[in-house]
Each structure stands twice: as structure tokens, then as C-alpha cells.
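Just below is one structure, and these are the notes that go with it.
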Amino acid sequence: MPEGLRSGWRGNVAGGLSAALLALPVELVYGLFAVAPLGAAWAEHGLRAALWACVLAGALGLLLRSAGGMLNGSASATALLLGTLATALMRNPEIQASADPAMTSFGLLLSCTLLAGVFQWVFGMVGIGRALKYVPYPVIAGLMCGVAMLLMVSALRPALGLHGDAPWQDAWHAWLPSSTLVFACTLALCLWTRRRFPRLPGPALALLAGTLLHHGLAGWAGDAALGATSSPVTQLLPQLGAWNAPLMPGTIAWLYWLPTLAPYALVIAAIASLDSLLCLPTIEETTNRRFDGDRQLRNQGVVNLVAGLLGGTVTSGSLTRVTLNLAAGGHGVGSGLVYAATLAVAVLFLGDWLALVPMAATSAILVFLALGLVDDGTRRLALQVLQRRRVLAHEQYRLVLANFSVIILVAAVAVLGNMMQAVGVGVLAAMFLFVRAGMRPVVRRMVTARHRRSLTVR
């Protein structure tokens with residue numbers, strides 16, 4: 001029996017179960033992002049693809065002997081990038097001329113997942129993983145702030161009880177206060193649970209409470225007084241994967257779409273790799289073991305490659321799930337197997353019940369996750385810019401202001417443009433910060449005997 005299964009099996013079971021309970025409401029949210037531009041009919045496909053990818057990642061982690069305690073899941077940035085790609089594909093004239101544009105676009109999303117896995121595997125082979133650690137902090141923080149704002153904007157309509165395509169000019173007349181009440185109670189329970197009971201799967205408990213409140217209000221005021229509910233997941237195994245996805249009649253060659261998919265896949269691979277590498281220090285500190293980052297990237301690449309082939313979307317190491325898993329004692333690869341099995345059982349036996357989950361409750365989970373993307377470093381930087389101008393030295397304040405400006409710029413491009421444009425601006429900003437750091441004089445200050453005497457006694 002592998003060491004990860006043999007040692008600490010109680011902790012592995014507890015960690016895998018806890019992380020799966022946390023993952024389920026998160027995947028319900030992020031699973032919809034990639035397929036939102038394809039229409040409501042593809043919501044179930046998106047949910048199934050996200051959950052199936054988590055199941056595959058947990059099972060393959062055992063076979064590939066990934067780092068003990070590492071758990072994969074959908075990430076906000078990669079989900080938004082897939083959604084941006086889906087929007088671009090649905091506007092493509094050739095795809096619009098096909099028999100089923102949504103199915104063609106979904107097949108290309110899975111192909112992009114496969115290609116991102118190939119890029120991750122290459123990163124691990126050539127040692128690019130070490131270079132990803134040196135991406136400037138303001139660039140990463142700006143992307144995360146932009147993602148957080150996009151998540152909050154996308155949560156507004158469900159929080160008000162509006163349909164996804166409802167125009168904003170009709171929002172006041174179509175507003176459903178009962179849905180807003182469900183949203184507010186679910187979000188408040190998420191925040192309270194995180195503060196008072198951080199080891200509990202707060203989002204799962206809040207989602208359950210929000211669902212009960214929604215249907216209680218529906219029984220009292222009627223279904224018309226509340227917003228829509230989520231889609232069911234009727235089966236675990238996807239019907240469509242990159243290996244059998246119908247592309248385009250007359251342009252069946254997969255290479256035809258490579259120039260369109262490659263930029264998105266490369267950026268997704270870089271972000272997913274960085275997320276996974278950020279989990280390793282926490283795992284190493286808790287387990288007192290060292291892991292090869294490049295090997296982990298190769299494993300992640302294989303996971304995403306297989307996921308794309310078999311109908312799953314992109315996953316990466318999830319720090320929140322890893323932290324919860326380790327806190328419960330899940331220090332071995334067996335926790336990943338328990339995590340995968342729990343999600344699979346949940347889909348098989350509770351998939352139809354997911355249709356009862358209100359969109360107002362999932363939008364509250366979305367806002368809760370968005371608030372967590374803005375880290376303490378960004379908040380401290382903003383406070384320094386606003387409050388410490390007179391305290392800091394001129395050069396030091398200019399440096400703080402430059403870093404904060406990069407965060408604002410990248411976040412603004414993500415919101416006003418799209419994620420690909422934000423990544424491009426982030427790359428340019430990283431180059432600017434690197435050149436600016438290299439132009440600083442080596443000599444920081446000069447001290448002469450007129451200003452300071454020698455302390456040596458002669």
C-alpha cells in the first residue's frame with residue numbers, strides 16, 4: 001500500500017471530506033463561468049465539467065504521486081479566462097455558421113484545457129516553474145483585484161433576483177427583495193462562520209441555509225417572489241470531451257484552431273502553475289517534507305491534459321482547500337482520493353437536488369470568494385498611499401505609489417476590457433517594474449566624517 005494511504009488514514013479521510021464540502025459550492029459557482037456565454041442550456045455541462053475535473057485530479061494525484069495534501073479545484077482567474085474565450089468563440093463567424101455553435105465552442109474550451117495541460121507539462125520539463133515565482137507582486141495583486149470586481153459584478157443580477165440577460169434599466173421594476181434577503185443571509189453566514197469557526201466548511205453550510213430560506217420564502221410568498229435556481233447535474237461522466245468533440249465541418253483539423261487557443265492556454269497554464277506552486281510552501285511547512293516544484297507542474301499538466309480529453313475543465317492547486325485539508329490531518333495523497341470520491345458520490349446521489357439551490361445563494365458564495373481575493377498586502381498598500389504620504393520618505397512613497405498604480409491599472413483593464421488584455425498589461429507592467437528596479441543607483445547614500453564620527457576608539 002502506498003505510504004500516502006497507509007499513514008494517517010484518519011486524517012486523510014477527515015481532510016478529504018472537509019475539503020470536498022468546501023469545494024462543492026465553489027465548483028457550482030466557477031463551473032458556470034466558463035459556459036455562461038454559451039447559454040443557460042449549457043449550465044449543466046459546465047457544472048459537470050468542473051466537478052469531473054476535481055474528481056480526476058484527486059484520483060490522478062495518487063497515481064502520479066503528487067505532493068501529499070495537494071488538492072485541485074477550479075480557480076476564479078482560469079474560469080474567467082475560459083469564459084472570455086467562450087465569448088470570443090461565440091462571436092466567430094465560422095463558428096456561428098456551424099450547425100451548433102455552442103457545442104463547437106464547448107469542444108474548443110475542452111481543447112484549450114488540454115493545451116494548457118501540455119504547456120504546464122513543458123513548464124515542468126524546462127524549469128519555468130521557478131521563474132513564475134518572480135512575477136512582481138503588484139501584477140498578481142492587480143489581476144486578483146480585477147477578478148474580484150468581475151465576480152462581484154456578475155453576482156449583482158442573481159442577488160437582485162434578475163435573470164442573467166435582464167437589462168439594467170428594468171432592474172428596479174424586476175427587483176425581487178426576497179432574493180436579496182436570501183443573498184444577504186447567505187453572505188452573512190459565510191462571513192460569520194469564517195470568523196468564528198474557521199475550520200468548518202462555511203460556504204457549504206451557508207449554501208444549505210440559503211437554500212432552506214429560499215424555499216421557505218417560496219412556500220410563503222410563492223415562487224414568483226424569488227429568483228431562479230441552479231441546474232441539476234444528472235450524471236458524473238461527461239458526454240463530450242476533447243477526443244470526441246465535433247469541431248467544424250470542413251475544418252476538422254484541430255491545428256486550425258491552434259492560433260486562437262494557444263494564447264489563452266498559455267496564460268491559463270501560467271496562472272494555474274503559479275496557483276499550484278503557491279500551495280507548496282504551506283504543504284512543506286506542515287508536513288516537514290520538501291517537494292520538487294517542477295515535478296508538481298508536470299503532474300498538474302498531465303491532470304489538465306487528461307481532464308480536457310475526458311470532458312473536464314482546468315484545475316489548479318487550491319490554497320484554501322489545501323489549508324483546510326492539512327488542518328484536518330490530510331497530509332498524504334490519500335486525502336486527494338477521499339476528496340475525489342466524496343465529490344463523485346455527491347454528484348451521483350445529490351446531483352438532481354442541486355436544482356433546488358437558488359442563484360441568489362450561489363451569488364453570495366461568489367461575493368464571499370471575491371472578498372478573499374483582495375489580500376492584506378493590497379489593503380496595506382492602499383492605506384499607505386492614502387495615509388502615509390507625509391510619514392514616508394519621498395523615494396519610498398513614490399515606490400509605494402508606483403506599485404499601487406500597477407494594481408489599479410491591471411484591475412481596471414480586467415474590468416473595462418477583458419482578462420486577456422489585463423494579462424497583457426500585467427506583463428508590460430512587470431517589465432516596467434523590472435527595468436525601473438535595475439535603473440536604481442547602487443549607492444543608496446553617502447556618509448562622511450562631517451556627519452558621523454567613527455565609533456572606533458584609537
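Chain labels follow the order of the C-alpha cells: the first chain is A, the next B, and so on; residue numbering restarts at 1 in every chain, and ligands are counted from 1 in their shown order.
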
Show me a table, sorted first by chain and then by increasing residue number, of the residues of segment 106-200 of chain A having an atom at most 12 Å from segment 270-288 of chain A, each with its shortest atom pair and the distance in Å to one decimal, counting only C-alpha atoms and written as CSV.
```
residue,atom,partner,partner_atom,distance
A:Thr113,CA,A:Ala272,CA,11.0
A:Ala116,CA,A:Ala270,CA,8.6
A:Gly117,CA,A:Ala272,CA,9.5
A:Val118,CA,A:Ala270,CA,11.5
A:Phe119,CA,A:Ala270,CA,8.3
A:Gln120,CA,A:Ser273,CA,6.7
A:Trp121,CA,A:Ser273,CA,9.8
A:Val122,CA,A:Ala270,CA,11.0
A:Phe123,CA,A:Ser273,CA,8.4
A:Gly124,CA,A:Ser273,CA,9.2
A:Gly127,CA,A:Ser273,CA,11.7
A:Ile128,CA,A:Ala270,CA,9.5
A:Gly129,CA,A:Ser273,CA,7.2
A:Arg130,CA,A:Leu277,CA,8.9
A:Ala131,CA,A:Leu274,CA,9.8
A:Leu132,CA,A:Leu274,CA,6.3
A:Lys133,CA,A:Leu274,CA,7.1
A:Tyr134,CA,A:Leu274,CA,10.1
A:Val135,CA,A:Leu274,CA,9.3
A:Val139,CA,A:Ile271,CA,11.8
A:Ile140,CA,A:Ile271,CA,9.3
A:Leu143,CA,A:Ile271,CA,10.1
A:Met144,CA,A:Ile271,CA,10.8
```

Selected residues, C-alpha atoms, written as a PDB file, in the first residue's frame, please.
```pdb
ATOM      1  CA  THR A 113      -7.849  22.835 -21.266  1.00  0.00           C
ATOM      2  CA  ALA A 116      -2.992  24.294 -21.113  1.00  0.00           C
ATOM      3  CA  GLY A 117      -2.035  20.929 -19.632  1.00  0.00           C
ATOM      4  CA  VAL A 118       0.580  20.469 -22.343  1.00  0.00           C
ATOM      5  CA  PHE A 119       2.035  23.907 -21.565  1.00  0.00           C
ATOM      6  CA  GLN A 120       2.157  23.102 -17.839  1.00  0.00           C
ATOM      7  CA  TRP A 121       3.991  19.857 -18.543  1.00  0.00           C
ATOM      8  CA  VAL A 122       6.501  21.784 -20.677  1.00  0.00           C
ATOM      9  CA  PHE A 123       6.926  24.328 -17.859  1.00  0.00           C
ATOM     10  CA  GLY A 124       7.852  21.499 -15.533  1.00  0.00           C
ATOM     11  CA  GLY A 127      12.138  24.502 -15.198  1.00  0.00           C
ATOM     12  CA  ILE A 128       9.975  27.549 -15.911  1.00  0.00           C
ATOM     13  CA  GLY A 129       8.160  26.961 -12.636  1.00  0.00           C
ATOM     14  CA  ARG A 130      10.978  28.610 -10.706  1.00  0.00           C
ATOM     15  CA  ALA A 131      10.741  31.717 -12.902  1.00  0.00           C
ATOM     16  CA  LEU A 132       6.992  32.079 -12.246  1.00  0.00           C
ATOM     17  CA  LYS A 133       7.765  32.771  -8.585  1.00  0.00           C
ATOM     18  CA  TYR A 134       9.418  36.057  -9.593  1.00  0.00           C
ATOM     19  CA  VAL A 135       6.336  37.642 -11.162  1.00  0.00           C
ATOM     20  CA  VAL A 139       0.860  42.357 -11.192  1.00  0.00           C
ATOM     21  CA  ILE A 140      -0.591  39.325  -9.397  1.00  0.00           C
ATOM     22  CA  LEU A 143      -5.175  40.510 -11.587  1.00  0.00           C
ATOM     23  CA  MET A 144      -6.765  39.211  -8.389  1.00  0.00           C
TER      24      MET A 144
END
```

Neighbouring residues of segment 342-348 of chain A were defined as those with any atom within 10 Å, considering only C-alpha atoms; residues of the same chain fewer than 5 positions away were excluded. Please report them as a list in words. Val13, Gly16, Leu17, Ser18, Ala19, Ala20, Leu21, Ala23, Leu24, Arg48, Leu51, Trp52, Cys54, Val55, Leu56, Gly58, Pro232, Val233, Thr234, Gln235, Leu236, Leu237, Gly336, Leu337, Trp353 and Leu354 of chain A

Using N, CA and C atoms, can you export the residues from the last selection as a PDB file, in the first residue's frame?
```pdb
ATOM      1  N   VAL A  13      -8.906  10.948   5.658  1.00  0.00           N
ATOM      2  CA  VAL A  13     -10.357  10.894   5.472  1.00  0.00           C
ATOM      3  C   VAL A  13     -11.002  12.206   5.922  1.00  0.00           C
ATOM      4  N   GLY A  16      -9.953  15.064   3.424  1.00  0.00           N
ATOM      5  CA  GLY A  16     -10.618  14.951   2.130  1.00  0.00           C
ATOM      6  C   GLY A  16     -12.088  15.299   2.198  1.00  0.00           C
ATOM      7  N   LEU A  17     -12.768  14.842   3.264  1.00  0.00           N
ATOM      8  CA  LEU A  17     -14.187  15.157   3.427  1.00  0.00           C
ATOM      9  C   LEU A  17     -14.401  16.656   3.632  1.00  0.00           C
ATOM     10  N   SER A  18     -13.589  17.265   4.484  1.00  0.00           N
ATOM     11  CA  SER A  18     -13.736  18.701   4.759  1.00  0.00           C
ATOM     12  C   SER A  18     -13.515  19.528   3.498  1.00  0.00           C
ATOM     13  N   ALA A  19     -12.471  19.189   2.740  1.00  0.00           N
ATOM     14  CA  ALA A  19     -12.173  19.944   1.525  1.00  0.00           C
ATOM     15  C   ALA A  19     -13.255  19.752   0.470  1.00  0.00           C
ATOM     16  N   ALA A  20     -13.828  18.550   0.388  1.00  0.00           N
ATOM     17  CA  ALA A  20     -14.886  18.304  -0.595  1.00  0.00           C
ATOM     18  C   ALA A  20     -16.134  19.116  -0.268  1.00  0.00           C
ATOM     19  N   LEU A  21     -16.466  19.219   1.024  1.00  0.00           N
ATOM     20  CA  LEU A  21     -17.616  20.032   1.417  1.00  0.00           C
ATOM     21  C   LEU A  21     -17.391  21.504   1.093  1.00  0.00           C
ATOM     22  N   ALA A  23     -15.430  22.464  -1.410  1.00  0.00           N
ATOM     23  CA  ALA A  23     -15.285  22.576  -2.861  1.00  0.00           C
ATOM     24  C   ALA A  23     -16.620  22.594  -3.588  1.00  0.00           C
ATOM     25  N   LEU A  24     -17.608  21.869  -3.069  1.00  0.00           N
ATOM     26  CA  LEU A  24     -18.860  21.705  -3.810  1.00  0.00           C
ATOM     27  C   LEU A  24     -19.535  23.031  -4.142  1.00  0.00           C
ATOM     28  N   ARG A  48     -20.856  19.973 -14.564  1.00  0.00           N
ATOM     29  CA  ARG A  48     -20.320  18.609 -14.623  1.00  0.00           C
ATOM     30  C   ARG A  48     -18.838  18.616 -14.964  1.00  0.00           C
ATOM     31  N   LEU A  51     -16.790  19.673 -11.788  1.00  0.00           N
ATOM     32  CA  LEU A  51     -16.770  18.639 -10.751  1.00  0.00           C
ATOM     33  C   LEU A  51     -15.993  17.411 -11.208  1.00  0.00           C
ATOM     34  N   TRP A  52     -16.167  17.024 -12.463  1.00  0.00           N
ATOM     35  CA  TRP A  52     -15.455  15.867 -13.011  1.00  0.00           C
ATOM     36  C   TRP A  52     -13.950  16.109 -13.016  1.00  0.00           C
ATOM     37  N   CYS A  54     -12.284  17.904 -10.867  1.00  0.00           N
ATOM     38  CA  CYS A  54     -11.807  17.730  -9.485  1.00  0.00           C
ATOM     39  C   CYS A  54     -11.674  16.255  -9.128  1.00  0.00           C
ATOM     40  N   VAL A  55     -12.626  15.451  -9.573  1.00  0.00           N
ATOM     41  CA  VAL A  55     -12.566  14.006  -9.310  1.00  0.00           C
ATOM     42  C   VAL A  55     -11.344  13.401  -9.987  1.00  0.00           C
ATOM     43  N   LEU A  56     -11.116  13.769 -11.245  1.00  0.00           N
ATOM     44  CA  LEU A  56      -9.945  13.255 -11.964  1.00  0.00           C
ATOM     45  C   LEU A  56      -8.648  13.687 -11.287  1.00  0.00           C
ATOM     46  N   GLY A  58      -8.066  14.402  -8.138  1.00  0.00           N
ATOM     47  CA  GLY A  58      -7.828  13.660  -6.907  1.00  0.00           C
ATOM     48  C   GLY A  58      -7.356  12.246  -7.160  1.00  0.00           C
ATOM     49  N   PRO A 232     -29.506  21.101 -12.399  1.00  0.00           N
ATOM     50  CA  PRO A 232     -29.116  19.813 -11.819  1.00  0.00           C
ATOM     51  C   PRO A 232     -27.918  19.231 -12.559  1.00  0.00           C
ATOM     52  N   VAL A 233     -27.251  18.295 -11.933  1.00  0.00           N
ATOM     53  CA  VAL A 233     -26.189  17.527 -12.589  1.00  0.00           C
ATOM     54  C   VAL A 233     -26.659  16.083 -12.580  1.00  0.00           C
ATOM     55  N   THR A 234     -27.168  15.625 -13.704  1.00  0.00           N
ATOM     56  CA  THR A 234     -27.853  14.334 -13.753  1.00  0.00           C
ATOM     57  C   THR A 234     -26.904  13.149 -13.838  1.00  0.00           C
ATOM     58  N   GLN A 235     -25.641  13.380 -14.178  1.00  0.00           N
ATOM     59  CA  GLN A 235     -24.671  12.287 -14.240  1.00  0.00           C
ATOM     60  C   GLN A 235     -23.278  12.853 -14.032  1.00  0.00           C
ATOM     61  N   LEU A 236     -22.351  11.965 -13.657  1.00  0.00           N
ATOM     62  CA  LEU A 236     -20.981  12.397 -13.370  1.00  0.00           C
ATOM     63  C   LEU A 236     -20.127  12.438 -14.626  1.00  0.00           C
ATOM     64  N   LEU A 237     -20.225  11.409 -15.459  1.00  0.00           N
ATOM     65  CA  LEU A 237     -19.352  11.303 -16.629  1.00  0.00           C
ATOM     66  C   LEU A 237     -19.850  12.204 -17.744  1.00  0.00           C
ATOM     67  N   GLY A 336      -6.459  13.175  -1.218  1.00  0.00           N
ATOM     68  CA  GLY A 336      -6.953  13.519  -2.547  1.00  0.00           C
ATOM     69  C   GLY A 336      -7.923  12.483  -3.075  1.00  0.00           C
ATOM     70  N   LEU A 337      -7.664  11.208  -2.768  1.00  0.00           N
ATOM     71  CA  LEU A 337      -8.571  10.144  -3.199  1.00  0.00           C
ATOM     72  C   LEU A 337      -9.914  10.256  -2.475  1.00  0.00           C
ATOM     73  N   TRP A 353     -30.596  17.149  -6.769  1.00  0.00           N
ATOM     74  CA  TRP A 353     -31.001  18.097  -5.737  1.00  0.00           C
ATOM     75  C   TRP A 353     -30.353  19.464  -5.933  1.00  0.00           C
ATOM     76  N   LEU A 354     -29.302  19.521  -6.758  1.00  0.00           N
ATOM     77  CA  LEU A 354     -28.652  20.809  -6.990  1.00  0.00           C
ATOM     78  C   LEU A 354     -29.585  21.798  -7.682  1.00  0.00           C
TER      79      LEU A 354
END
```

Filtered DSSP result for segment 30-275 of chain A, state alpha helix (DSSP H), as a PyMOL selection string: chain A and resi 30-33+43-64+76-90+93-96+101-126+128-132+137-160+171-174+177-196+202-221+258-275

At a cut-off of 8 Å, using only C-alpha atoms, what residues contact segment 194-209 of chain A? Leave out same-chain residues fewer than 2 positions from it and give the result as JSON, numbers by chain. {"A": [18, 19, 21, 22, 24, 25, 26, 186, 187, 189, 190, 191, 192, 211, 212, 213, 324, 327, 357, 361, 362, 365]}

Using only C-alpha atoms: which of A:Tyr137, A:Tyr264, A:Trp9, A:Phe183 has the shortest distance to Gln421 of chain A: A:Tyr264

So that I can see what lies close to Leu217 of chain A, please list as a PyMOL selection string the residues with an atom at most 12 Å from it, counting only C-alpha atoms and leaving out residues fewer than 2 positions away in the same chain. chain A and resi 176-182+210-215+219-227+358

Restricting it to C-alpha atoms, dump the selection as a PDB file, in the first residue's frame.
```
ATOM      1  CA  LEU A 176     -37.184  40.704  -6.055  1.00  0.00           C
ATOM      2  CA  PRO A 177     -36.484  41.708  -2.422  1.00  0.00           C
ATOM      3  CA  SER A 178     -36.869  38.115  -1.209  1.00  0.00           C
ATOM      4  CA  SER A 179     -33.911  37.042  -3.356  1.00  0.00           C
ATOM      5  CA  THR A 180     -31.850  39.888  -1.927  1.00  0.00           C
ATOM      6  CA  LEU A 181     -32.748  38.659   1.571  1.00  0.00           C
ATOM      7  CA  VAL A 182     -31.529  35.148   0.679  1.00  0.00           C
ATOM      8  CA  GLY A 210     -29.704  29.873   1.940  1.00  0.00           C
ATOM      9  CA  THR A 211     -31.458  27.067   0.073  1.00  0.00           C
ATOM     10  CA  LEU A 212     -33.752  26.340   3.043  1.00  0.00           C
ATOM     11  CA  LEU A 213     -34.533  30.049   3.416  1.00  0.00           C
ATOM     12  CA  HIS A 214     -35.278  30.380  -0.314  1.00  0.00           C
ATOM     13  CA  HIS A 215     -37.782  27.533  -0.344  1.00  0.00           C
ATOM     14  CA  GLY A 219     -43.757  28.432   0.270  1.00  0.00           C
ATOM     15  CA  TRP A 220     -44.934  31.610   1.997  1.00  0.00           C
ATOM     16  CA  ALA A 221     -44.823  34.198  -0.822  1.00  0.00           C
ATOM     17  CA  GLY A 222     -44.861  31.968  -3.913  1.00  0.00           C
ATOM     18  CA  ASP A 223     -42.181  31.048  -6.452  1.00  0.00           C
ATOM     19  CA  ALA A 224     -42.748  34.253  -8.408  1.00  0.00           C
ATOM     20  CA  ALA A 225     -41.374  36.286  -5.487  1.00  0.00           C
ATOM     21  CA  LEU A 226     -37.935  34.680  -5.773  1.00  0.00           C
ATOM     22  CA  GLY A 227     -35.290  34.290  -8.455  1.00  0.00           C
ATOM     23  CA  PRO A 358     -31.053  29.306  -5.520  1.00  0.00           C
TER      24      PRO A 358
END
```

Once DSSP has gone over the backbone, tell me which residues of segment 152-401 of chain A are in strand (DSSP E or B), as a PyMOL selection string. chain A and resi 229+316-317+358

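Near Ala40 of chain A, within 12 Å and counting only C-alpha atoms, sit A:Leu32, A:Phe33, A:Ala34, A:Gly46, A:Leu47, A:Ala102, A:His163, A:Gly164, A:Asp165, A:Ala228, A:Thr229, A:Ser230, A:Ser231, A:Pro232, not including residues fewer than 6 positions from it in the same chain.
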
Next, dump the selected residues to file, keeping only N, CA and C atoms, as a JSON list (two decimals), in the first residue's frame.
```json
[["chain", "number", "residue", "atom", "x", "y", "z"],
["A", 32, "LEU", "N", -20.05, 27.50, -13.73],
["A", 32, "LEU", "CA", -20.94, 28.23, -14.63],
["A", 32, "LEU", "C", -20.23, 29.29, -15.44],
["A", 33, "PHE", "N", -19.08, 29.77, -14.96],
["A", 33, "PHE", "CA", -18.43, 30.90, -15.61],
["A", 33, "PHE", "C", -17.96, 30.56, -17.02],
["A", 34, "ALA", "N", -17.34, 29.40, -17.17],
["A", 34, "ALA", "CA", -16.76, 29.07, -18.47],
["A", 34, "ALA", "C", -17.82, 28.92, -19.55],
["A", 46, "GLY", "N", -21.27, 22.77, -17.84],
["A", 46, "GLY", "CA", -20.20, 23.46, -17.13],
["A", 46, "GLY", "C", -20.01, 22.96, -15.72],
["A", 47, "LEU", "N", -21.13, 22.73, -15.00],
["A", 47, "LEU", "CA", -21.03, 22.20, -13.64],
["A", 47, "LEU", "C", -20.40, 20.81, -13.64],
["A", 102, "ALA", "N", -22.75, 26.51, -29.99],
["A", 102, "ALA", "CA", -22.43, 26.31, -28.58],
["A", 102, "ALA", "C", -21.65, 25.02, -28.37],
["A", 163, "HIS", "N", -32.87, 37.78, -14.01],
["A", 163, "HIS", "CA", -32.33, 36.77, -14.91],
["A", 163, "HIS", "C", -31.00, 37.27, -15.49],
["A", 164, "GLY", "N", -30.21, 36.34, -16.01],
["A", 164, "GLY", "CA", -28.87, 36.67, -16.47],
["A", 164, "GLY", "C", -28.82, 37.69, -17.59],
["A", 165, "ASP", "N", -29.86, 37.72, -18.43],
["A", 165, "ASP", "CA", -29.86, 38.65, -19.56],
["A", 165, "ASP", "C", -30.80, 39.84, -19.34],
["A", 228, "ALA", "N", -34.29, 32.62, -9.85],
["A", 228, "ALA", "CA", -34.12, 31.29, -10.42],
["A", 228, "ALA", "C", -33.25, 30.42, -9.52],
["A", 229, "THR", "N", -33.27, 29.13, -9.81],
["A", 229, "THR", "CA", -32.41, 28.17, -9.11],
["A", 229, "THR", "C", -31.38, 27.61, -10.07],
["A", 230, "SER", "N", -30.46, 26.83, -9.54],
["A", 230, "SER", "CA", -29.35, 26.32, -10.33],
["A", 230, "SER", "C", -29.80, 25.16, -11.21],
["A", 231, "SER", "N", -28.87, 24.62, -11.99],
["A", 231, "SER", "CA", -29.12, 23.49, -12.86],
["A", 231, "SER", "C", -28.79, 22.19, -12.14],
["A", 232, "PRO", "N", -29.51, 21.10, -12.40],
["A", 232, "PRO", "CA", -29.12, 19.81, -11.82],
["A", 232, "PRO", "C", -27.92, 19.23, -12.56]]
```

Can you tell me, as a list in words, what residues are no more than 12 Å from Ile408 of chain A when counting only C-alpha atoms, ignoring any on the same chain fewer than 6 positions away?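 Listed by chain and then number, they are Pro138, Val139, Ile140, Ala141, Gly142, Leu143, Met144, Cys145, Gly146, Met149, Thr378, Leu381, Ala382, Leu401, Ala402, Ala414, Val415, Leu416, Ala422, Val425, Gly426 and Ala429 of chain A.
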
Written selection (N, CA and C atoms) as a compact mmCIF listing (two decimals), in the first residue's frame:
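So the final result, stored in selection-v3.txt, reads:
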```
# COMPACT_ATOMS: atom_id res chain seq x y z
N PRO A 138 2.69 43.34 -7.49
CA PRO A 138 1.60 44.22 -7.95
C PRO A 138 0.84 43.66 -9.15
N VAL A 139 1.53 42.93 -10.02
CA VAL A 139 0.86 42.36 -11.19
C VAL A 139 -0.14 41.29 -10.76
N ILE A 140 0.30 40.37 -9.89
CA ILE A 140 -0.59 39.33 -9.40
C ILE A 140 -1.75 39.94 -8.61
N ALA A 141 -1.43 40.91 -7.74
CA ALA A 141 -2.48 41.54 -6.93
C ALA A 141 -3.48 42.28 -7.82
N GLY A 142 -3.00 42.93 -8.88
CA GLY A 142 -3.91 43.61 -9.79
C GLY A 142 -4.85 42.66 -10.50
N LEU A 143 -4.32 41.51 -10.95
CA LEU A 143 -5.18 40.51 -11.59
C LEU A 143 -6.23 40.00 -10.61
N MET A 144 -5.82 39.72 -9.38
CA MET A 144 -6.76 39.21 -8.39
C MET A 144 -7.83 40.25 -8.05
N CYS A 145 -7.44 41.52 -7.96
CA CYS A 145 -8.43 42.57 -7.70
C CYS A 145 -9.40 42.71 -8.87
N GLY A 146 -8.88 42.61 -10.09
CA GLY A 146 -9.75 42.65 -11.26
C GLY A 146 -10.72 41.49 -11.29
N MET A 149 -13.48 42.09 -8.72
CA MET A 149 -14.51 43.03 -9.17
C MET A 149 -15.42 42.40 -10.22
N THR A 378 -2.51 44.09 -0.40
CA THR A 378 -3.14 45.14 -1.21
C THR A 378 -3.81 46.18 -0.32
N LEU A 381 -1.16 48.36 1.22
CA LEU A 381 -0.60 49.27 0.22
C LEU A 381 -1.53 50.46 -0.01
N ALA A 382 -2.84 50.19 -0.08
CA ALA A 382 -3.80 51.28 -0.27
C ALA A 382 -3.79 52.24 0.92
N LEU A 401 3.55 54.22 -4.34
CA LEU A 401 2.55 54.73 -5.27
C LEU A 401 2.64 54.03 -6.62
N ALA A 402 3.86 53.76 -7.10
CA ALA A 402 4.04 53.07 -8.38
C ALA A 402 3.46 51.66 -8.31
N ALA A 414 -8.88 44.67 -16.50
CA ALA A 414 -9.64 43.43 -16.37
C ALA A 414 -11.14 43.71 -16.36
N VAL A 415 -11.55 44.78 -15.70
CA VAL A 415 -12.98 45.09 -15.59
C VAL A 415 -13.51 45.76 -16.85
N LEU A 416 -12.78 46.75 -17.37
CA LEU A 416 -13.26 47.51 -18.52
C LEU A 416 -12.97 46.81 -19.84
N ALA A 422 -5.91 42.30 -19.61
CA ALA A 422 -5.32 42.57 -18.29
C ALA A 422 -4.01 41.83 -18.11
N VAL A 425 -1.39 43.72 -20.13
CA VAL A 425 -0.96 44.91 -19.40
C VAL A 425 -0.10 44.52 -18.21
N GLY A 426 -0.44 43.41 -17.55
CA GLY A 426 0.36 42.94 -16.42
C GLY A 426 1.76 42.57 -16.82
N ALA A 429 3.60 45.75 -17.36
CA ALA A 429 3.89 46.36 -16.06
C ALA A 429 5.04 45.65 -15.35
```

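Picture a line from atom CA of Ala99 of chain A to atom CA of Ala166 of chain A; it runs 27.0 Å.
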